[in-house]
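The structure appears below as structure tokens.
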Amino acid sequence: MKKFYKAAVIGCGRIGMLMEKDPKRLKPATHAGAYLHNSRTVLAGLAETDVEKREEARAIAPGVPVFADAEEMLAAVKPDIVSVSAFHEQHHPMVLLCARYKVPAIVCEKPIAETIERGEEMVAACDRSGSLLFVNHIRRFDPLLGAWRKRVADGAIGEIQQATGYYSIGLYHMGTHLVDFLRFYLGDVEWVAGWNNMRAHAAVPGDWCVDGILGFKSGAHVAIQSVNVKDFSIFEVRILGRKGELFVRDLGRTVELTPAAESKQYAGFFELDPELRERHFNQEQSFFIGLVENVVDCLDGKSEPASTGRDGLEVLKALAAIRESADNDGKKVVLRR
């Protein structure tokens, strides 16, 4: 008989719950919506400090207990899974609280923490409590992108030479997804250089638009560039290998493979051949579906976390280094381990 897992959400704002009301978004669009959607999870509790958001939460999920205090919820519900989707400054105290209550699986929104030191404390606390710590870098949970990661590793485009990525909203908001995706495909970042983009404007107060170069341990160099979200949202990555190009576009929902082939116009040269291009789409499935499926599989003992606390910590180190470099007009910063 399959086991059902009790899930809870701390923070019922946009990503926690409220974006379920957006008629254009693929559903489930939030942590709470994902637990309501999955056949193996039961949404057993919600915690939110804001009175109005608590009322909205009750309207979206009638019958689910809503608490003003996260610790009171943990004590009453005793959940198997908790999503920490409160504001980023609350990630650290809420994950530590969940670890103290020995919650088996903790899903933390990105970025993992405000500082590297706090991120390290969170990872260590979960190690001590035996809690699995996931960080919601959502594209790691997408089956299409996971399959293409394997194809790239197996040589689909040959040895990686260079890559370019574009993001909007801000370095610590969409930029964290971009850096994590690059780590997912290319491995560890060794050094960075960054420059503030004075023409782009972050939509989230307190964040920055930063362009940069990331040097990977593999030897590949990657340029990341920020775009004004007031014009349009973007998440794109072009990876150039010796045998062709992988292009991830449309916020990560379309993957194109264009192999190199003998040029039809220039003898002795090769070109990327659009006539041989493969296109693959994931326009129908929310990234949140894969997230909860991975959490359930891990609790069943059938899988490992696709995005761990240590992954989130490595991304945070890269973001902090990019920001440090930008504050020093592009001075190269080597990541500390």
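Quick note on naming: the chains in the structure tokens go A, B, ... in the order shown, residues restart at 1 in each chain, and ligands are numbered from 1 in order of appearance.
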Could you name the residues that touch A:Glu190 at 6 Å or less, counting only C-alpha atoms, but leaving out those on the same chain fewer than 6 positions away, as a PDB file with all heavy atoms, in the first residue's frame?
ATOM      1  N   GLY A 215      33.647  31.339 -15.006  1.00  0.00           N
ATOM      2  CA  GLY A 215      34.627  30.356 -15.423  1.00  0.00           C
ATOM      3  C   GLY A 215      34.363  29.038 -14.724  1.00  0.00           C
ATOM      4  O   GLY A 215      34.342  28.979 -13.487  1.00  0.00           O
ATOM      5  N   PHE A 216      34.124  27.986 -15.493  1.00  0.00           N
ATOM      6  CA  PHE A 216      33.798  26.681 -14.927  1.00  0.00           C
ATOM      7  C   PHE A 216      35.054  25.820 -14.806  1.00  0.00           C
ATOM      8  O   PHE A 216      36.027  26.010 -15.541  1.00  0.00           O
ATOM      9  CB  PHE A 216      32.752  25.977 -15.791  1.00  0.00           C
ATOM     10  CG  PHE A 216      31.373  26.527 -15.609  1.00  0.00           C
ATOM     11  CD1 PHE A 216      31.011  27.737 -16.189  1.00  0.00           C
ATOM     12  CD2 PHE A 216      30.441  25.866 -14.825  1.00  0.00           C
ATOM     13  CE1 PHE A 216      29.751  28.265 -16.006  1.00  0.00           C
ATOM     14  CE2 PHE A 216      29.179  26.387 -14.625  1.00  0.00           C
ATOM     15  CZ  PHE A 216      28.826  27.589 -15.216  1.00  0.00           C
ATOM     16  N   LYS A 217      35.030  24.887 -13.860  1.00  0.00           N
ATOM     17  CA  LYS A 217      36.171  24.006 -13.662  1.00  0.00           C
ATOM     18  C   LYS A 217      36.497  23.204 -14.911  1.00  0.00           C
ATOM     19  O   LYS A 217      37.646  22.806 -15.119  1.00  0.00           O
ATOM     20  CB  LYS A 217      35.917  23.064 -12.479  1.00  0.00           C
ATOM     21  CG  LYS A 217      36.022  23.750 -11.128  1.00  0.00           C
ATOM     22  CD  LYS A 217      35.961  22.747  -9.997  1.00  0.00           C
ATOM     23  CE  LYS A 217      36.228  23.421  -8.650  1.00  0.00           C
ATOM     24  NZ  LYS A 217      36.210  22.457  -7.542  1.00  0.00           N
ATOM     25  N   LEU A 335      35.821  31.498  -6.288  1.00  0.00           N
ATOM     26  CA  LEU A 335      34.856  31.013  -5.303  1.00  0.00           C
ATOM     27  C   LEU A 335      35.552  30.237  -4.208  1.00  0.00           C
ATOM     28  O   LEU A 335      36.437  29.431  -4.474  1.00  0.00           O
ATOM     29  CB  LEU A 335      33.805  30.115  -5.974  1.00  0.00           C
ATOM     30  CG  LEU A 335      32.550  30.833  -6.488  1.00  0.00           C
ATOM     31  CD1 LEU A 335      32.899  31.768  -7.636  1.00  0.00           C
ATOM     32  CD2 LEU A 335      31.500  29.829  -6.907  1.00  0.00           C
TER      33      LEU A 335
END
Considering only C-alpha atoms, give me a table of residues in stretch 31-101 of chain A that are at most 12 Å from stretch 306-315 of chain A, with the closest atom pair and distance in Å for each, as a tab-separated table.
residue	atom	partner	partner_atom	distance
A:His91	CA	A:Gly309	CA	11.8
A:His92	CA	A:Gly309	CA	11.8
A:Val95	CA	A:Gly309	CA	10.7
Counting only C-alpha atoms, what are the residues of stretch 189-305 of chain A within 12 Å of stretch 37-43 of chain A, and for each of them which pair of atoms is the nearest and at what distance in Å, to one decimal? Sort the table by chain and rising number, as a tab-separated table.
residue	atom	partner	partner_atom	distance
A:Ser286	CA	A:His37	CA	10.9
A:Phe288	CA	A:His37	CA	9.6
A:Ile289	CA	A:Asn38	CA	7.5
A:Gly290	CA	A:Asn38	CA	9.9
A:Leu291	CA	A:Asn38	CA	10.3
A:Val292	CA	A:Asn38	CA	7.2
A:Glu293	CA	A:Asn38	CA	7.7
A:Asn294	CA	A:Asn38	CA	11.2
A:Val295	CA	A:Thr41	CA	10.1
A:Val296	CA	A:Arg40	CA	7.4
A:Asp297	CA	A:Arg40	CA	10.0
A:Leu299	CA	A:Arg40	CA	11.0
A:Asp300	CA	A:Arg40	CA	10.6
To test your reading of the structure, identify every residue in stretch 31-223 of chain A that backbone DSSP assigns to strand (DSSP E or B), and report it as a PyMOL selection string. chain A and resi 41-47+66-67+81-84+105-108+132-135+160-168+189-196+210-216+221-223
Find the residues of stretch 137-218 of chain A that sit at most 8 Å from stretch 100-121 of chain A; for each, write down the nearest two atoms and how far apart they are in Å, to one decimal. Count only C-alpha atoms. Sort by chain, then by number going up, and give it as JSON lines.
{"residue": "A:His137", "atom": "CA", "partner": "A:Lys110", "partner_atom": "CA", "distance": 6.6}
{"residue": "A:Tyr172", "atom": "CA", "partner": "A:Pro111", "partner_atom": "CA", "distance": 6.5}
{"residue": "A:His173", "atom": "CA", "partner": "A:Pro111", "partner_atom": "CA", "distance": 7.2}
{"residue": "A:Thr176", "atom": "CA", "partner": "A:Pro111", "partner_atom": "CA", "distance": 6.6}
Could you pull the residues within 10 Å of A:Ser218, counting only C-alpha atoms, minus those fewer than 6 positions along the same chain, as a ChimeraX atom specification? /A:159-161,186-190
Deliver the residues from the most recent selection as a file, using all heavy atoms, as a compact mmCIF listing (two decimals), in the first residue's frame.
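This is the output file selection-v4.txt:
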# COMPACT_ATOMS: atom_id res chain seq x y z
N GLU A 159 32.30 18.31 -26.81
CA GLU A 159 32.92 19.03 -25.70
C GLU A 159 32.42 20.47 -25.65
O GLU A 159 32.40 21.17 -26.67
CB GLU A 159 34.44 19.02 -25.87
CG GLU A 159 35.19 19.73 -24.75
CD GLU A 159 36.68 19.84 -25.04
OE1 GLU A 159 37.11 19.34 -26.10
OE2 GLU A 159 37.41 20.42 -24.21
N ILE A 160 31.99 20.92 -24.46
CA ILE A 160 31.45 22.27 -24.31
C ILE A 160 32.56 23.30 -24.50
O ILE A 160 33.63 23.20 -23.89
CB ILE A 160 30.79 22.45 -22.93
CG1 ILE A 160 29.71 21.39 -22.69
CG2 ILE A 160 30.19 23.86 -22.81
CD1 ILE A 160 28.62 21.36 -23.70
N GLN A 161 32.30 24.30 -25.34
CA GLN A 161 33.25 25.36 -25.59
C GLN A 161 32.88 26.65 -24.86
O GLN A 161 33.66 27.19 -24.09
CB GLN A 161 33.33 25.65 -27.10
CG GLN A 161 33.73 24.43 -27.92
CD GLN A 161 35.13 23.94 -27.60
OE1 GLN A 161 36.10 24.64 -27.82
NE2 GLN A 161 35.23 22.73 -27.05
N LEU A 186 26.77 22.20 -16.62
CA LEU A 186 28.20 22.37 -16.89
C LEU A 186 29.10 22.05 -15.70
O LEU A 186 30.32 22.02 -15.85
CB LEU A 186 28.48 23.80 -17.36
CG LEU A 186 27.71 24.27 -18.60
CD1 LEU A 186 28.13 25.67 -18.98
CD2 LEU A 186 27.90 23.32 -19.76
N GLY A 187 28.54 21.87 -14.50
CA GLY A 187 29.36 21.56 -13.34
C GLY A 187 29.68 22.79 -12.50
O GLY A 187 29.01 23.82 -12.58
N ASP A 188 30.71 22.70 -11.69
CA ASP A 188 31.02 23.73 -10.70
C ASP A 188 31.65 24.97 -11.32
O ASP A 188 32.45 24.90 -12.25
CB ASP A 188 31.97 23.18 -9.63
CG ASP A 188 31.27 22.24 -8.66
OD1 ASP A 188 30.05 22.39 -8.49
OD2 ASP A 188 31.94 21.35 -8.10
N VAL A 189 31.27 26.11 -10.74
CA VAL A 189 31.87 27.40 -11.12
C VAL A 189 33.15 27.59 -10.32
O VAL A 189 33.17 27.37 -9.10
CB VAL A 189 30.90 28.56 -10.84
CG1 VAL A 189 31.51 29.89 -11.25
CG2 VAL A 189 29.57 28.33 -11.55
N GLU A 190 34.22 28.02 -10.98
CA GLU A 190 35.51 28.20 -10.32
C GLU A 190 35.79 29.67 -10.00
O GLU A 190 36.32 30.01 -8.95
CB GLU A 190 36.62 27.65 -11.20
CG GLU A 190 37.96 27.55 -10.53
CD GLU A 190 38.95 26.75 -11.38
OE1 GLU A 190 39.26 27.20 -12.51
OE2 GLU A 190 39.37 25.66 -10.92
